[in-house]
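What follows is a single structure, written as structure tokens, with notes after it.
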Amino acid sequence: MNTLQLPASFNGPAPEPTATQQVSPLHAFSIMRRHRLAIALVTLGITVPAGIGIFSLRPYYNASSILIIGTHQAPFRDLQATVSSPEVDTVAVNSEVSILRSPAIARAVAQKLDLVNDPDFREALDHVPISKRMIDAISRMFVTPPPQIPMTADERLQATSLLLNQWVTVLNDGRSYIITITASTVNAATSARIANAYADVYLDFKRHMKISATWQANALLDEQIAPLRERLRKAEQAVQAFREKNGLIAAELERAPGANGNSNADGGGTTVTDQQLIQMNRELITARGDLESRRARYTEIRNAIHNGSLDSIPDAVSSPLIQQLQAQEAQISSRAASLSQTVMDGNPDLQSVRAAAAQVRARIGAEIQRVASSAAKELSSAEARVAALSAEVDRLQGQVTAENEADVTLRQLQSEATAARTVYQDYLGRFAQTSTQAELQVAEADLISRAETPLGPYGPPRKQYMLIAFIFALMMGAGSALVIDRMRKGVRSTAELDAIPGLFALGLVPAFAGSLSRQYASRDRSAYLETVESIRSVLSFGHSRFRAKVVLVTSAEQAEGKTTFALSLAANTGRCGQRALVIDCDMRNPSAMRIMGAVSIVRNTHAPVSPLLAGLERDVLPGVDILTPEGMMHRGGGAMLLPEELGQILAQVGSHYDMILLDTPPALAFPDAAVLSRLTDGVVMVVKWGRTSAATLVQAMRTLHTYDARTLGAVLTQAPPHSLGEAERHPFRIYSHYGLLPPT
């Protein structure tokens, strides 16, 4: 036969196998099904305490009050700069939520409702958790704890406010200006009182904050009014002093636009000098007109006198005396003309008439001279008046010029006084308004609805909690099953067997229920019988290096099913009409007959009996004989069956059996398998599914290699069909289709 050569790397430290099994969801379910007892225990272990704790929870009551932020009062128009209402946005709403959650609000509510003396709060504050009690009890065993100092009134108030913050929820949905204050306590009335107190304290806080801001503004205004009043007084005194110093005494004239043809930009009346200058200008204009009129009259009189045309003199024409004299002259001239025609020039009457005419003309000339002299005097008087008025106007113009220069400074002082008066009046108005506004301040929030006493408990939602606890426990159970499964480092696939140096996976044998005798006593075929038959076929009809008649069956450790497999392999040989012998070589713990149990054995009295075969039990199963170590132990009395003794047994029975199976002790603990393997055709290593690790198999193979044992392969036993990988599960699906696999 060809021998199966071990790789060269076997001589050194063998690496751990790298073939890993992919865990599919179906495989995970199969793992959970295999560990369903562990899952059930973990689930119950978590669910039952959780249920006890959930159903022991005290019911609590929720009461909610609702606020809307951003409602504006109607402020005074002039007060906007002092106490204007801010625009409300998301940041502002979040700020109000933070104010409601602040310790100051909680402390104020606790004080308002006297929650320090509330029974529910006192019970909650005095409650000591079980964990802390356990820690304290353990610590008392080693050290003496210091005496507990009772809390002061302020500390209890602070602790109550902290606890209150945990029982009150302030929420805003981020899409509106609505803030909901929800209080959750074990007392319905207390929940309603707390929710309403939170709203009231918040509104009072906001109102007092605005009142405080208003009074602060009022105080600032009050501080500024006295300096402003003093500033105004000094400014007005400076204006008056400057007026008096510069003689700028205002006249009592109304400043209507266009009045007297003048208006003043500073809002006051014109000065005395201004009025005098105006009056003098008017008189000067009149005097100059009168002068020109008198000059023209005087010139006209002189020209008329020079030309002798007295009729062109208006005063002469209009004078009654001159008119009378002219009439007398005319009469006298008419008489003289009449006399000159009748008498001679020397006539005394003519002379007398001519003398009278000359006298009248002299009187007319004198009268004309008087008129001319009067006109000259009037002209001189008019010229003197014009000169006097011109001098007065020049004087007044110089004085007005000086006053105008002083008026520039006066206007500046008046502007400063006006500005001081405006500021002072504005501050007085603001002061009066803030004083009134302080009493009218309201919070920029409204209470939409007050919390009412709830009719029933809000929670706890025991059904939901129980469902969550059950799901969590189930998940923990499933996780524990996966962890338990992964903690088992045993080989779970034929691929892992092939990765062990020197091993080849001959097949996989599933686990079965009941005894081995019942399994083979039944006439029905099963997946177990088919898998054993597949391995027997490899050993009987497979490749030349796997064919063997005398097969040594061993395992790396105990309780891996090697004896059961050896008996099964022999039983499958017997079912095919052949004969098989199982030699129980475990002198320390023979178990072949114990596994078979109470069976009815038909002894063949015609068969030759040899002292070496004293322990031979015939037809334990159809076609299967078992050689127990009773006779061998009686003869040798050693701990291990000697190779010479086994050689003699094989020489005697070799021709009577088609397959001989040697059941030996575990290879890692005892050398029996390695020593006796030299008398066989090869060794079959039995590996228990999910238990024997790859490292253990490597050590067992090292032991066998030390004795130059020929290894036929390995068999994976007690494998759960529904927990196998995809490659190993495929044949079992076919078995299930043929009805060879019992339903699970």
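Naming scheme: A, B, ... for chains in displayed order of the structure tokens; residues 1 onward per chain; ligands 1 onward as shown.
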Fewer than 3 positions away in the same chain doesn't count, so skip those; otherwise give me all residues within 10 Å of range 672-684 of chain A, counting only C-alpha atoms, as a PyMOL selection string. chain A and resi 1+3-4+503-506+539+545-555+562+566+585-587+639-644+646-647+650+660-669+687+700-701+703-715
Might you pull out every residue within 10 Å of Glu96 in chain A, with only C-alpha atoms counted and same-chain residues fewer than 6 positions away left off, and present them as a PDB file with C-alpha atoms, in the first residue's frame?
```pdb
ATOM      1  CA  ILE A  69     -42.760  83.073  23.999  1.00  0.00           C
ATOM      2  CA  THR A  90     -34.762  80.159  17.667  1.00  0.00           C
ATOM      3  CA  SER A 102     -31.917  76.763  35.424  1.00  0.00           C
ATOM      4  CA  VAL A 170     -39.027  71.630  29.489  1.00  0.00           C
ATOM      5  CA  ASN A 172     -39.658  73.151  22.567  1.00  0.00           C
ATOM      6  CA  ILE A 179     -42.714  75.777  25.454  1.00  0.00           C
ATOM      7  CA  TYR A 202     -40.950  82.060  35.108  1.00  0.00           C
ATOM      8  CA  LYS A 206     -39.365  87.786  33.360  1.00  0.00           C
ATOM      9  CA  ALA A 445     -44.672  85.386  27.343  1.00  0.00           C
TER      10      ALA A 445
END
```
Check range 407-539 of chain A with DSSP on the backbone and list each residue it calls strand (DSSP E), as a ChimeraX atom specification. /A:445-449,505-510
Residue neighbourhood Ser449 in chain A, 12 Å, only C-alpha atoms, exclusion window fewer than 4 positions, as a PDB file with N, CA and C atoms, in the first residue's frame:
```pdb
ATOM      1  N   ALA A  63     -48.266  66.238  34.377  1.00  0.00           N
ATOM      2  CA  ALA A  63     -49.092  67.438  34.222  1.00  0.00           C
ATOM      3  C   ALA A  63     -48.265  68.472  33.487  1.00  0.00           C
ATOM      4  N   SER A  64     -48.884  69.141  32.488  1.00  0.00           N
ATOM      5  CA  SER A  64     -48.136  70.051  31.629  1.00  0.00           C
ATOM      6  C   SER A  64     -48.818  71.406  31.582  1.00  0.00           C
ATOM      7  N   SER A  65     -48.008  72.437  31.677  1.00  0.00           N
ATOM      8  CA  SER A  65     -48.448  73.804  31.415  1.00  0.00           C
ATOM      9  C   SER A  65     -47.728  74.287  30.163  1.00  0.00           C
ATOM     10  N   ILE A  66     -48.406  75.124  29.370  1.00  0.00           N
ATOM     11  CA  ILE A  66     -47.897  75.520  28.060  1.00  0.00           C
ATOM     12  C   ILE A  66     -47.731  77.030  28.028  1.00  0.00           C
ATOM     13  N   LEU A  67     -46.543  77.471  27.605  1.00  0.00           N
ATOM     14  CA  LEU A  67     -46.222  78.890  27.456  1.00  0.00           C
ATOM     15  C   LEU A  67     -45.968  79.203  25.996  1.00  0.00           C
ATOM     16  N   ILE A  68     -46.247  80.438  25.602  1.00  0.00           N
ATOM     17  CA  ILE A  68     -45.855  80.923  24.279  1.00  0.00           C
ATOM     18  C   ILE A  68     -44.929  82.103  24.484  1.00  0.00           C
ATOM     19  N   ILE A 178     -43.786  77.719  21.226  1.00  0.00           N
ATOM     20  CA  ILE A 178     -44.481  77.055  22.327  1.00  0.00           C
ATOM     21  C   ILE A 178     -43.460  76.309  23.185  1.00  0.00           C
ATOM     22  N   ILE A 179     -43.547  76.505  24.496  1.00  0.00           N
ATOM     23  CA  ILE A 179     -42.714  75.777  25.454  1.00  0.00           C
ATOM     24  C   ILE A 179     -43.645  75.006  26.394  1.00  0.00           C
ATOM     25  N   THR A 180     -43.408  73.699  26.483  1.00  0.00           N
ATOM     26  CA  THR A 180     -44.233  72.833  27.325  1.00  0.00           C
ATOM     27  C   THR A 180     -43.445  72.451  28.574  1.00  0.00           C
ATOM     28  N   ILE A 181     -44.048  72.701  29.714  1.00  0.00           N
ATOM     29  CA  ILE A 181     -43.437  72.348  31.013  1.00  0.00           C
ATOM     30  C   ILE A 181     -44.208  71.160  31.569  1.00  0.00           C
ATOM     31  N   ALA A 192     -49.425  68.736  38.986  1.00  0.00           N
ATOM     32  CA  ALA A 192     -50.099  69.942  38.486  1.00  0.00           C
ATOM     33  C   ALA A 192     -49.568  71.185  39.184  1.00  0.00           C
ATOM     34  N   ALA A 195     -46.016  72.057  37.780  1.00  0.00           N
ATOM     35  CA  ALA A 195     -46.044  72.605  36.420  1.00  0.00           C
ATOM     36  C   ALA A 195     -46.555  74.041  36.417  1.00  0.00           C
ATOM     37  N   ASN A 196     -47.621  74.302  37.178  1.00  0.00           N
ATOM     38  CA  ASN A 196     -48.155  75.670  37.240  1.00  0.00           C
ATOM     39  C   ASN A 196     -47.190  76.610  37.958  1.00  0.00           C
ATOM     40  N   ALA A 199     -44.478  77.762  35.601  1.00  0.00           N
ATOM     41  CA  ALA A 199     -44.935  78.814  34.691  1.00  0.00           C
ATOM     42  C   ALA A 199     -45.057  80.146  35.421  1.00  0.00           C
ATOM     43  N   ASP A 200     -45.628  80.126  36.636  1.00  0.00           N
ATOM     44  CA  ASP A 200     -45.807  81.373  37.383  1.00  0.00           C
ATOM     45  C   ASP A 200     -44.461  81.988  37.767  1.00  0.00           C
TER      46      ASP A 200
END
```
